[in-house]
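entry_14.csv (CSV, C-alpha atoms (C1' of nucleotides)) appears below.
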chain,number,residue,atom,x,y,z
A,6,MET,CA,0.0,0.0,0.0
A,7,SER,CA,2.9,2.3,0.5
A,8,ASP,CA,4.7,3.8,-2.5
A,9,PRO,CA,8.1,2.1,-2.7
A,10,THR,CA,9.4,4.7,-5.0
A,11,PRO,CA,10.5,7.8,-3.2
A,12,PRO,CA,8.4,10.7,-4.6
A,13,PRO,CA,10.4,13.3,-6.5
A,14,ARG,CA,11.8,16.0,-4.2
A,15,GLY,CA,11.2,19.7,-4.8
A,16,ARG,CA,13.9,22.0,-6.0
A,17,THR,CA,17.5,21.7,-4.9
A,18,SER,CA,17.9,23.1,-1.4
A,19,THR,CA,21.1,24.6,0.1
A,20,LYS,CA,20.0,24.0,3.7
A,21,ARG,CA,19.0,20.4,3.1
A,22,ALA,CA,22.5,19.7,1.8
A,23,ALA,CA,24.0,21.4,4.8
A,24,ILE,CA,21.9,19.3,7.1
A,25,ALA,CA,22.7,16.1,5.4
A,26,GLU,CA,26.4,17.0,5.5
A,27,THR,CA,26.2,17.7,9.2
A,28,LEU,CA,24.4,14.4,9.8
A,29,ALA,CA,27.2,12.7,7.9
A,30,GLY,CA,29.6,13.9,10.5
A,31,PHE,CA,27.9,11.8,13.2
A,32,GLU,CA,28.0,8.1,13.8
A,33,ASP,CA,25.0,7.6,15.9
A,34,PHE,CA,21.5,9.0,16.3
A,35,ARG,CA,21.1,12.7,17.0
A,36,SER,CA,18.1,14.8,17.8
A,37,ALA,CA,16.9,17.7,15.7
A,38,GLN,CA,18.1,20.0,18.4
A,39,ASP,CA,21.5,18.4,18.4
A,40,VAL,CA,21.8,18.9,14.6
A,41,HIS,CA,20.7,22.5,14.9
A,42,GLU,CA,23.1,23.1,17.7
A,43,ALA,CA,26.0,21.5,15.8
A,44,MET,CA,25.3,23.7,12.8
A,45,ARG,CA,25.1,26.8,14.9
A,46,ARG,CA,28.5,26.1,16.4
A,47,ALA,CA,29.9,25.4,12.9
A,48,ASP,CA,28.5,28.8,11.8
A,49,ARG,CA,26.1,27.3,9.4
A,50,ARG,CA,23.0,28.8,11.0
A,51,VAL,CA,19.7,27.3,10.1
A,52,GLY,CA,16.3,27.8,11.6
A,53,LEU,CA,15.3,25.1,14.0
A,54,ALA,CA,12.0,24.7,12.2
A,55,THR,CA,13.8,24.0,9.0
A,56,VAL,CA,15.9,21.4,10.7
A,57,TYR,CA,12.7,19.6,11.9
A,58,ARG,CA,11.0,19.9,8.6
A,59,THR,CA,14.0,18.7,6.6
A,60,LEU,CA,14.8,15.9,8.9
A,61,GLN,CA,11.2,14.6,8.6
A,62,ALA,CA,11.3,15.0,4.8
A,63,MET,CA,14.5,13.0,4.6
A,64,VAL,CA,13.0,10.2,6.7
A,65,GLU,CA,10.0,10.1,4.4
A,66,GLY,CA,12.4,10.1,1.4
A,67,GLY,CA,14.2,7.1,2.9
A,68,GLU,CA,17.4,9.0,3.4
A,69,LEU,CA,17.3,8.8,7.2
A,70,ASP,CA,16.6,6.3,9.9
A,71,SER,CA,14.8,7.6,12.9
A,72,LEU,CA,14.0,6.3,16.3
A,73,ARG,CA,12.8,7.5,19.6
A,74,SER,CA,15.4,7.9,22.4
A,75,GLU,CA,14.6,6.7,25.9
A,76,THR,CA,13.7,10.3,26.9
A,77,GLY,CA,11.2,10.5,24.1
A,78,GLU,CA,13.0,12.7,21.5
A,79,VAL,CA,13.1,11.6,17.9
A,80,THR,CA,16.7,11.0,16.8
A,81,TYR,CA,18.0,10.6,13.2
A,82,ARG,CA,20.9,9.1,11.4
A,83,LEU,CA,21.9,8.6,7.8
A,84,CYS,CA,20.4,5.4,6.4
A,85,SER,CA,22.6,2.6,5.6
A,86,GLY,CA,20.4,1.0,3.1
A,87,SER,CA,19.0,-2.5,4.0
A,88,HIS,CA,16.8,-3.2,6.9
A,89,HIS,CA,18.5,-3.6,10.3
A,90,HIS,CA,18.2,-2.9,14.0
A,91,HIS,CA,20.4,-1.2,16.6
A,92,LEU,CA,22.6,-2.2,19.5
A,93,VAL,CA,23.1,1.0,21.4
A,94,CYS,CA,25.4,1.6,24.4
A,95,ARG,CA,23.6,3.2,27.2
A,96,VAL,CA,26.7,4.9,28.4
A,97,CYS,CA,28.4,6.4,25.3
A,98,GLY,CA,25.5,6.2,22.9
A,99,LYS,CA,27.5,4.3,20.3
A,100,ALA,CA,25.2,2.5,18.0
A,101,LEU,CA,26.0,-0.6,16.0
A,102,GLU,CA,23.8,-1.9,13.2
A,103,VAL,CA,22.8,-5.5,13.6
A,104,ARG,CA,20.8,-7.7,11.2
A,105,GLY,CA,18.5,-10.3,12.6
A,106,PRO,CA,17.0,-12.7,10.1
A,107,ALA,CA,15.7,-14.7,13.1
A,108,VAL,CA,13.8,-11.7,14.3
A,109,GLU,CA,12.3,-10.9,11.0
A,110,THR,CA,11.0,-14.4,10.6
A,111,TRP,CA,9.7,-14.6,14.1
A,112,ALA,CA,7.9,-11.3,13.6
A,113,ALA,CA,6.3,-12.4,10.4
A,114,ARG,CA,5.1,-15.7,11.8
A,115,THR,CA,3.8,-14.3,15.1
A,116,ALA,CA,1.8,-11.7,13.2
A,117,GLU,CA,0.4,-14.2,10.8
A,118,ALA,CA,-0.5,-16.5,13.6
A,119,HIS,CA,-2.7,-13.8,15.1
A,120,GLY,CA,-4.2,-12.7,11.9
A,121,PHE,CA,-2.3,-9.4,11.6
A,122,ARG,CA,-1.4,-7.9,8.3
A,123,ASP,CA,1.1,-5.3,7.1
A,124,ILE,CA,3.4,-5.9,10.0
A,125,SER,CA,6.2,-3.7,10.9
A,126,HIS,CA,8.5,-4.1,13.9
A,127,THR,CA,10.7,-2.2,16.2
A,128,VAL,CA,13.7,-3.9,17.8
A,129,GLU,CA,16.3,-2.1,19.8
A,130,LEU,CA,19.0,-3.5,22.0
A,131,VAL,CA,20.4,-1.4,24.7
A,132,GLY,CA,23.4,-2.4,26.7
A,133,THR,CA,26.8,-1.4,28.1
A,134,CYS,CA,29.6,-1.7,25.6
A,135,SER,CA,33.0,-3.1,26.3
A,136,ASP,CA,34.5,0.3,26.8
A,137,HIS,CA,32.5,0.8,29.9
B,15,MET,CA,23.2,-2.6,40.6
B,16,SER,CA,19.5,-1.8,40.7
B,17,ASP,CA,17.6,-2.7,43.8
B,18,PRO,CA,15.5,-5.8,43.0
B,19,THR,CA,13.3,-5.2,46.0
B,20,PRO,CA,10.7,-2.5,45.3
B,21,PRO,CA,11.3,0.1,48.0
B,22,PRO,CA,8.5,0.5,50.5
B,23,ARG,CA,5.7,2.8,49.4
B,24,GLY,CA,4.5,5.8,51.4
B,25,ARG,CA,1.3,5.7,53.2
B,26,THR,CA,-1.8,4.1,51.8
B,27,SER,CA,-3.2,6.4,49.1
B,28,THR,CA,-6.8,6.6,48.1
B,29,LYS,CA,-6.0,8.1,44.7
B,30,ARG,CA,-3.4,5.5,43.9
B,31,ALA,CA,-5.9,2.8,44.6
B,32,ALA,CA,-8.4,4.5,42.3
B,33,ILE,CA,-5.9,4.8,39.6
B,34,ALA,CA,-4.8,1.2,39.8
B,35,GLU,CA,-8.5,0.2,39.7
B,36,THR,CA,-9.1,2.3,36.6
B,37,LEU,CA,-6.1,0.8,34.9
B,38,ALA,CA,-7.4,-2.7,35.8
B,39,GLY,CA,-10.5,-1.9,33.6
B,40,PHE,CA,-8.3,-1.6,30.5
B,41,GLU,CA,-6.7,-4.3,28.5
B,42,ASP,CA,-4.2,-2.4,26.5
B,43,PHE,CA,-1.8,0.5,27.1
B,44,ARG,CA,-3.3,3.8,28.0
B,45,SER,CA,-1.7,7.2,28.4
B,46,ALA,CA,-1.8,9.2,31.6
B,47,GLN,CA,-4.3,11.5,29.9
B,48,ASP,CA,-6.5,8.6,29.0
B,49,VAL,CA,-6.6,7.4,32.6
B,50,HIS,CA,-7.3,10.9,33.8
B,51,GLU,CA,-10.2,11.3,31.3
B,52,ALA,CA,-11.6,7.9,32.1
B,53,MET,CA,-11.6,8.8,35.8
B,54,ARG,CA,-13.3,12.1,35.1
B,55,ARG,CA,-16.1,10.5,33.2
B,56,ALA,CA,-16.5,7.9,36.0
B,57,ASP,CA,-16.8,10.8,38.5
B,58,ARG,CA,-13.7,9.9,40.3
B,59,ARG,CA,-11.9,13.2,39.7
B,60,VAL,CA,-8.2,13.3,40.2
B,61,GLY,CA,-5.6,15.9,39.4
B,62,LEU,CA,-3.8,15.3,36.1
B,63,ALA,CA,-0.5,15.8,37.9
B,64,THR,CA,-1.4,13.2,40.4
B,65,VAL,CA,-2.1,10.7,37.6
B,66,TYR,CA,1.3,11.4,36.1
B,67,ARG,CA,3.1,11.1,39.4
B,68,THR,CA,1.3,8.0,40.5
B,69,LEU,CA,1.7,6.2,37.2
B,70,GLN,CA,5.5,6.9,37.3
B,71,ALA,CA,5.7,5.6,40.9
B,72,MET,CA,3.9,2.5,40.0
B,73,VAL,CA,6.2,1.8,37.1
B,74,GLU,CA,9.2,2.2,39.4
B,75,GLY,CA,7.5,0.0,41.9
B,76,GLY,CA,7.2,-2.7,39.2
B,77,GLU,CA,3.4,-2.6,39.2
B,78,LEU,CA,3.1,-1.3,35.7
B,79,ASP,CA,4.6,-1.8,32.3
B,80,SER,CA,5.1,1.3,30.3
B,81,LEU,CA,6.0,1.9,26.7
B,82,ARG,CA,6.1,4.8,24.3
B,83,SER,CA,3.4,5.0,21.6
B,84,GLU,CA,4.3,5.9,18.1
B,85,THR,CA,3.2,9.5,18.7
B,86,GLY,CA,5.6,9.7,21.6
B,87,GLU,CA,3.3,9.6,24.6
B,88,VAL,CA,4.1,7.2,27.4
B,89,THR,CA,1.4,4.6,27.9
B,90,TYR,CA,0.8,2.2,30.8
B,91,ARG,CA,-0.7,-1.1,31.6
B,92,LEU,CA,-0.9,-3.4,34.6
B,93,CYS,CA,2.1,-5.7,34.6
B,94,SER,CA,1.3,-9.2,33.7
B,95,GLY,CA,4.4,-10.7,35.3
B,96,SER,CA,6.7,-12.5,33.0
B,97,HIS,CA,8.6,-10.9,30.2
B,98,HIS,CA,6.9,-10.5,26.9
B,99,HIS,CA,6.4,-8.2,24.0
B,100,HIS,CA,3.4,-6.7,22.2
B,101,LEU,CA,1.6,-7.1,18.9
B,102,VAL,CA,-0.4,-3.9,18.5
B,103,CYS,CA,-3.1,-3.1,16.0
B,104,ARG,CA,-2.5,0.2,14.4
B,105,VAL,CA,-6.2,0.7,13.8
B,106,CYS,CA,-8.0,-0.2,17.0
B,107,GLY,CA,-5.0,-0.2,19.4
B,108,LYS,CA,-5.7,-3.7,20.6
B,109,ALA,CA,-2.6,-5.2,22.1
B,110,LEU,CA,-1.7,-8.9,22.4
B,111,GLU,CA,1.1,-10.2,24.5
B,112,VAL,CA,3.4,-12.4,22.7
B,113,ARG,CA,6.4,-14.3,24.0
B,114,GLY,CA,9.4,-14.8,21.8
B,115,PRO,CA,12.1,-17.1,23.1
B,116,ALA,CA,13.7,-16.8,19.7
B,117,VAL,CA,14.1,-13.1,20.1
B,118,GLU,CA,15.4,-13.3,23.6
B,119,THR,CA,18.1,-15.7,22.5
B,120,TRP,CA,19.0,-13.7,19.5
B,121,ALA,CA,19.3,-10.5,21.6
B,122,ALA,CA,21.5,-12.2,24.1
B,123,ARG,CA,23.8,-13.7,21.5
B,124,THR,CA,24.0,-10.6,19.4
B,125,ALA,CA,24.9,-8.5,22.4
B,126,GLU,CA,27.5,-10.9,23.6
B,127,ALA,CA,29.0,-11.2,20.2
B,128,HIS,CA,29.7,-7.4,20.3
B,129,GLY,CA,30.9,-7.4,23.9
B,130,PHE,CA,27.8,-5.6,25.3
B,131,ARG,CA,26.7,-6.4,28.9
B,132,ASP,CA,23.5,-5.9,30.8
B,133,ILE,CA,21.4,-6.0,27.7
B,134,SER,CA,17.8,-5.1,27.6
B,135,HIS,CA,15.7,-5.1,24.5
B,136,THR,CA,12.6,-3.5,23.1
B,137,VAL,CA,10.5,-5.4,20.6
B,138,GLU,CA,7.1,-4.1,19.4
B,139,LEU,CA,5.1,-5.5,16.5
B,140,VAL,CA,2.6,-3.2,14.9
B,141,GLY,CA,0.1,-4.4,12.3
B,142,THR,CA,-3.5,-4.4,11.2
B,143,CYS,CA,-5.6,-6.9,13.0
B,144,SER,CA,-8.2,-9.2,11.4
B,145,ASP,CA,-11.0,-6.9,12.3
B,146,HIS,CA,-9.8,-4.2,9.9
C,23,DA,C1',7.1,35.1,-12.5
C,24,DT,C1',6.1,31.0,-9.8
C,25,DT,C1',6.5,28.2,-6.2
C,26,DA,C1',9.2,25.6,-3.0
C,27,DG,C1',12.3,26.5,0.8
C,28,DT,C1',13.4,29.2,5.0
C,29,DG,C1',13.3,31.9,9.4
C,30,DC,C1',11.0,33.7,13.2
C,31,DA,C1',7.8,33.9,16.5
C,32,DA,C1',3.7,32.2,18.3
C,33,DA,C1',1.0,28.1,19.2
C,34,DT,C1',0.7,23.1,20.7
C,35,DG,C1',0.5,19.4,23.7
C,36,DG,C1',2.4,16.1,26.7
C,37,DT,C1',4.7,16.1,31.0
C,38,DT,C1',6.9,18.3,35.2
C,39,DT,C1',7.2,21.3,39.1
C,40,DG,C1',6.2,24.7,42.9
C,41,DC,C1',3.5,25.4,46.5
C,42,DA,C1',-0.6,25.7,49.6
C,43,DG,C1',-3.9,22.9,51.5
C,44,DA,C1',-6.0,18.2,52.5
C,45,DT,C1',-5.2,13.7,54.5
C,46,DG,C1',-3.5,9.3,56.6
C,47,DT,C1',-1.0,7.5,60.7
D,5,DA,C1',1.7,17.0,65.0
D,6,DC,C1',4.0,15.6,60.8
D,7,DA,C1',5.2,13.7,56.6
D,8,DT,C1',3.1,12.4,52.5
D,9,DC,C1',-0.3,13.1,49.0
D,10,DT,C1',-3.2,16.2,46.0
D,11,DG,C1',-4.7,19.7,43.1
D,12,DC,C1',-4.1,23.8,40.6
D,13,DA,C1',-1.7,26.7,37.9
D,14,DA,C1',2.5,27.9,36.0
D,15,DA,C1',6.7,26.3,33.9
D,16,DC,C1',9.1,23.2,30.6
D,17,DC,C1',10.5,21.6,26.3
D,18,DA,C1',10.3,19.1,22.0
D,19,DT,C1',7.9,19.8,18.1
D,20,DT,C1',4.6,22.1,14.8
D,21,DT,C1',2.5,25.8,12.4
D,22,DG,C1',1.3,30.5,10.4
D,23,DC,C1',3.1,33.9,7.7
D,24,DA,C1',6.1,37.0,5.4
D,25,DC,C1',10.2,36.6,2.8
D,26,DT,C1',14.1,34.6,0.0
D,27,DA,C1',15.8,31.9,-3.6
D,28,DA,C1',15.8,28.2,-7.3
D,29,DT,C1',13.8,27.2,-11.8

Can I see the file as structure tokens?
Amino acid sequence: MSDPTPPPRGRTSTKRAAIAETLAGFEDFRSAQDVHEAMRRADRRVGLATVYRTLQAMVEGGELDSLRSETGEVTYRLCSGSHHHHLVCRVCGKALEVRGPAVETWAARTAEAHGFRDISHTVELVGTCSDH
Amino acid sequence: MSDPTPPPRGRTSTKRAAIAETLAGFEDFRSAQDVHEAMRRADRRVGLATVYRTLQAMVEGGELDSLRSETGEVTYRLCSGSHHHHLVCRVCGKALEVRGPAVETWAARTAEAHGFRDISHTVELVGTCSDH
DNA sequence: ATTAGTGCAAATGGTTTGCAGATGT
DNA sequence: ACATCTGCAAACCATTTGCACTAAT
């Protein structure tokens, strides 16, 4: 039911490029506020609203992955392509991508067993990495 | 490192009992606002702040399970005891408890393989149930 | 010219907090 | 009495929106 082909974007945007670039400088998930602050410090001022709008658009366009932090803010990171989940360190925030065929299968089967359609799943692992 | 024994509660609270009772009338996860509203309609008025405070206390005391909805609000439900995950209908909100030994194992192994300790995981399945 | 993109400030909406008064022990 | 519990209103804070303005095509 969802359009697999990302709809055409509007005209080329300077800010959007700057935001994407800033995001590229990070390894893990950052909030819109983080991105905005980072750009401010780098003297690449952007309106906070623009950051929010752009980030959302990028997620819809499939360029970004987003997830909700434990405190409830939405965080973003450049998309790596194929479907995967995250293993996040609760101390340093480092996030590793992990793939879990076992989980995908389990999710599909479980959903089907209960008569659910169009299943999507959220799987996040949080732990303390070896550096802590 | 965390105290496994729920710390002693304060004195017996009337409101807390009312809130727990209200929550008992629900099957799936409800937000603090939902609970507050339900109580208002049942003529068991309570301050919204009290609902928030109480709900949080109950989660800490291990009486409630809480999770964040897709829109970011925190939702609560009486704890059912053993560890499990949820299969939620995106249309009616109905939530089924599902157990996934496969997922637990996968989570533990994945974490270990990357040197992570004290792993906890979040797994939520969202789909459309057979009634829709 | 046209229209999408942007900034700013104001509006939202869930959640938290400060504080005075009610309540259980 | 005394500490905890409550309610109310104000404070918070991430996010959204209205609107005038700038810039890409």

After superposing chain A onto chain B (least squares, all C-alpha atoms, pairing by order), export the transformed chain as a tab-separated table (two decimals) with C-alpha atoms, in the coordinates of the input.
chain	number	residue	atom	x	y	z
A	6	MET	CA	22.98	-3.47	39.69
A	7	SER	CA	19.32	-2.75	39.95
A	8	ASP	CA	17.42	-3.62	43.13
A	9	PRO	CA	15.18	-6.58	42.28
A	10	THR	CA	13.14	-6.07	45.34
A	11	PRO	CA	10.57	-3.37	44.93
A	12	PRO	CA	11.32	-0.71	47.61
A	13	PRO	CA	8.61	-0.35	50.24
A	14	ARG	CA	5.90	2.11	49.18
A	15	GLY	CA	4.86	5.05	51.34
A	16	ARG	CA	1.59	5.15	53.15
A	17	THR	CA	-1.61	3.75	51.71
A	18	SER	CA	-3.00	6.13	49.11
A	19	THR	CA	-6.69	6.50	48.10
A	20	LYS	CA	-5.87	8.02	44.70
A	21	ARG	CA	-3.32	5.38	43.81
A	22	ALA	CA	-5.96	2.71	44.37
A	23	ALA	CA	-8.40	4.62	42.25
A	24	ILE	CA	-5.88	4.87	39.48
A	25	ALA	CA	-4.97	1.27	39.58
A	26	GLU	CA	-8.67	0.36	39.54
A	27	THR	CA	-9.24	2.54	36.52
A	28	LEU	CA	-6.25	1.00	34.74
A	29	ALA	CA	-7.75	-2.40	35.48
A	30	GLY	CA	-10.73	-1.45	33.43
A	31	PHE	CA	-8.61	-1.22	30.26
A	32	GLU	CA	-7.13	-3.94	28.14
A	33	ASP	CA	-4.49	-2.11	26.31
A	34	PHE	CA	-2.05	0.74	26.86
A	35	ARG	CA	-3.42	4.14	27.83
A	36	SER	CA	-1.78	7.48	28.27
A	37	ALA	CA	-1.75	9.44	31.50
A	38	GLN	CA	-4.16	11.84	29.93
A	39	ASP	CA	-6.47	9.04	28.94
A	40	VAL	CA	-6.51	7.72	32.55
A	41	HIS	CA	-7.16	11.18	33.91
A	42	GLU	CA	-9.90	11.74	31.42
A	43	ALA	CA	-11.53	8.38	32.19
A	44	MET	CA	-11.53	9.18	35.89
A	45	ARG	CA	-12.98	12.60	35.33
A	46	ARG	CA	-15.87	11.14	33.37
A	47	ALA	CA	-16.38	8.50	36.10
A	48	ASP	CA	-16.52	11.36	38.66
A	49	ARG	CA	-13.44	10.25	40.41
A	50	ARG	CA	-11.54	13.50	39.88
A	51	VAL	CA	-7.84	13.43	40.36
A	52	GLY	CA	-5.22	15.98	39.53
A	53	LEU	CA	-3.41	15.29	36.31
A	54	ALA	CA	-0.09	15.72	38.06
A	55	THR	CA	-1.00	13.02	40.49
A	56	VAL	CA	-1.91	10.73	37.66
A	57	TYR	CA	1.59	11.25	36.11
A	58	ARG	CA	3.35	10.88	39.37
A	59	THR	CA	1.46	7.75	40.39
A	60	LEU	CA	1.72	6.13	37.06
A	61	GLN	CA	5.53	6.60	37.10
A	62	ALA	CA	5.72	5.29	40.69
A	63	MET	CA	3.78	2.19	39.73
A	64	VAL	CA	6.11	1.52	36.79
A	65	GLU	CA	9.09	1.84	39.09
A	66	GLY	CA	7.32	-0.49	41.58
A	67	GLY	CA	6.87	-3.05	38.80
A	68	GLU	CA	3.13	-2.78	38.86
A	69	LEU	CA	2.85	-1.31	35.36
A	70	ASP	CA	4.26	-1.85	31.93
A	71	SER	CA	4.93	1.24	29.94
A	72	LEU	CA	5.81	1.99	26.40
A	73	ARG	CA	5.95	4.85	24.04
A	74	SER	CA	3.13	5.16	21.45
A	75	GLU	CA	3.96	6.03	17.86
A	76	THR	CA	3.04	9.70	18.56
A	77	GLY	CA	5.50	9.81	21.40
A	78	GLU	CA	3.24	9.66	24.51
A	79	VAL	CA	4.07	7.25	27.28
A	80	THR	CA	1.27	4.69	27.69
A	81	TYR	CA	0.72	2.29	30.65
A	82	ARG	CA	-0.98	-0.95	31.37
A	83	LEU	CA	-1.22	-3.29	34.32
A	84	CYS	CA	1.70	-5.73	34.36
A	85	SER	CA	1.09	-9.26	33.70
A	86	GLY	CA	4.05	-10.57	35.47
A	87	SER	CA	6.74	-12.33	33.31
A	88	HIS	CA	8.66	-10.69	30.59
A	89	HIS	CA	6.92	-10.36	27.21
A	90	HIS	CA	6.44	-8.13	24.19
A	91	HIS	CA	3.42	-6.69	22.37
A	92	LEU	CA	1.56	-7.27	19.13
A	93	VAL	CA	-0.53	-4.17	18.73
A	94	CYS	CA	-3.19	-3.49	16.07
A	95	ARG	CA	-2.64	-0.25	14.39
A	96	VAL	CA	-6.29	0.20	13.74
A	97	CYS	CA	-8.10	-0.67	17.02
A	98	GLY	CA	-5.15	-0.52	19.36
A	99	LYS	CA	-5.77	-4.01	20.72
A	100	ALA	CA	-2.65	-5.35	22.24
A	101	LEU	CA	-1.75	-8.99	22.66
A	102	GLU	CA	1.11	-10.19	24.83
A	103	VAL	CA	3.55	-12.42	23.04
A	104	ARG	CA	6.59	-14.25	24.45
A	105	GLY	CA	9.62	-14.69	22.30
A	106	PRO	CA	12.32	-16.95	23.67
A	107	ALA	CA	14.00	-16.70	20.24
A	108	VAL	CA	14.21	-12.97	20.60
A	109	GLU	CA	15.58	-13.04	24.05
A	110	THR	CA	18.34	-15.38	23.04
A	111	TRP	CA	19.17	-13.50	19.92
A	112	ALA	CA	19.36	-10.29	21.93
A	113	ALA	CA	21.65	-11.77	24.50
A	114	ARG	CA	24.01	-13.25	21.95
A	115	THR	CA	24.15	-10.19	19.68
A	116	ALA	CA	25.00	-8.02	22.68
A	117	GLU	CA	27.64	-10.37	23.91
A	118	ALA	CA	29.13	-10.61	20.49
A	119	HIS	CA	29.71	-6.86	20.48
A	120	GLY	CA	30.93	-6.65	23.97
A	121	PHE	CA	27.81	-5.03	25.47
A	122	ARG	CA	26.74	-5.62	28.99
A	123	ASP	CA	23.51	-5.19	30.95
A	124	ILE	CA	21.39	-5.49	27.87
A	125	SER	CA	17.82	-4.64	27.74
A	126	HIS	CA	15.60	-4.75	24.66
A	127	THR	CA	12.53	-3.28	23.19
A	128	VAL	CA	10.42	-5.31	20.75
A	129	GLU	CA	7.08	-4.23	19.48
A	130	LEU	CA	5.04	-5.63	16.66
A	131	VAL	CA	2.54	-3.48	14.98
A	132	GLY	CA	0.08	-4.79	12.49
A	133	THR	CA	-3.55	-4.95	11.34
A	134	CYS	CA	-5.60	-7.49	13.21
A	135	SER	CA	-8.08	-9.83	11.68
A	136	ASP	CA	-10.98	-7.61	12.53
A	137	HIS	CA	-9.80	-5.03	10.13

Query raised in the report: Which chain B residues are at most 8 Å from chain A (counting only C-alpha atoms), as a PyMOL selection string?
Result: chain B and resi 82+86-87+101+103+112+114+116-117+120-121+124-125+128-144

Using all atoms listed in the file, what table do you get, as CSV, when you list each residue of chain C with an atom no more than 7 Å from chain A, its nearest pair of atoms, and their distance in Å rounded to one decimal, rows by chain then rising number?
residue,atom,partner,partner_atom,distance
C:DA26,C1',A:Gly15,CA,6.5
C:DG27,C1',A:Ser18,CA,6.9
C:DT28,C1',A:Thr55,CA,6.6
C:DG29,C1',A:Gly52,CA,5.5

Report the closest atom pair, with its distance in Å rounded to one decimal, for each residue of chain D that has an atom no farther than 10 Å from chain A; count only C-alpha atoms (C1' of nucleotides), sort by chain and then rising residue number, and write it as JSON lines.
{"residue": "D:DA18", "atom": "C1'", "partner": "A:Glu78", "partner_atom": "CA", "distance": 7.0}
{"residue": "D:DT19", "atom": "C1'", "partner": "A:Tyr57", "partner_atom": "CA", "distance": 7.8}
{"residue": "D:DT20", "atom": "C1'", "partner": "A:Ala54", "partner_atom": "CA", "distance": 8.3}
{"residue": "D:DT21", "atom": "C1'", "partner": "A:Ala54", "partner_atom": "CA", "distance": 9.6}
{"residue": "D:DA27", "atom": "C1'", "partner": "A:Ser18", "partner_atom": "CA", "distance": 9.3}
{"residue": "D:DA28", "atom": "C1'", "partner": "A:Arg16", "partner_atom": "CA", "distance": 6.6}
{"residue": "D:DT29", "atom": "C1'", "partner": "A:Arg16", "partner_atom": "CA", "distance": 7.8}

Could you please take those selected residues and save C-alpha atoms (C1' of nucleotides) as a PDB file, keeping the file's coordinate frame?
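In the end it all went to selection34.pdb:
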ATOM      1  C1'  DA D  18      10.300  19.100  22.000  1.00  0.00           C
ATOM      2  C1'  DT D  19       7.900  19.800  18.100  1.00  0.00           C
ATOM      3  C1'  DT D  20       4.600  22.100  14.800  1.00  0.00           C
ATOM      4  C1'  DT D  21       2.500  25.800  12.400  1.00  0.00           C
ATOM      5  C1'  DA D  27      15.800  31.900  -3.600  1.00  0.00           C
ATOM      6  C1'  DA D  28      15.800  28.200  -7.300  1.00  0.00           C
ATOM      7  C1'  DT D  29      13.800  27.200 -11.800  1.00  0.00           C
TER       8       DT D  29
END

Query raised in the report: Rounded to one decimal in Å, what is the spacing between atom CA of Glu35 of chain B and atom CA of Ala52 of chain B?
Result: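 Calculated distance between atom CA of Glu35 of chain B and atom CA of Ala52 of chain B is 11.3 Å.
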
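Atom to atom, atom CA of Ser85 of chain A and atom CA of Ala23 of chain A stand 18.9 Å apart.
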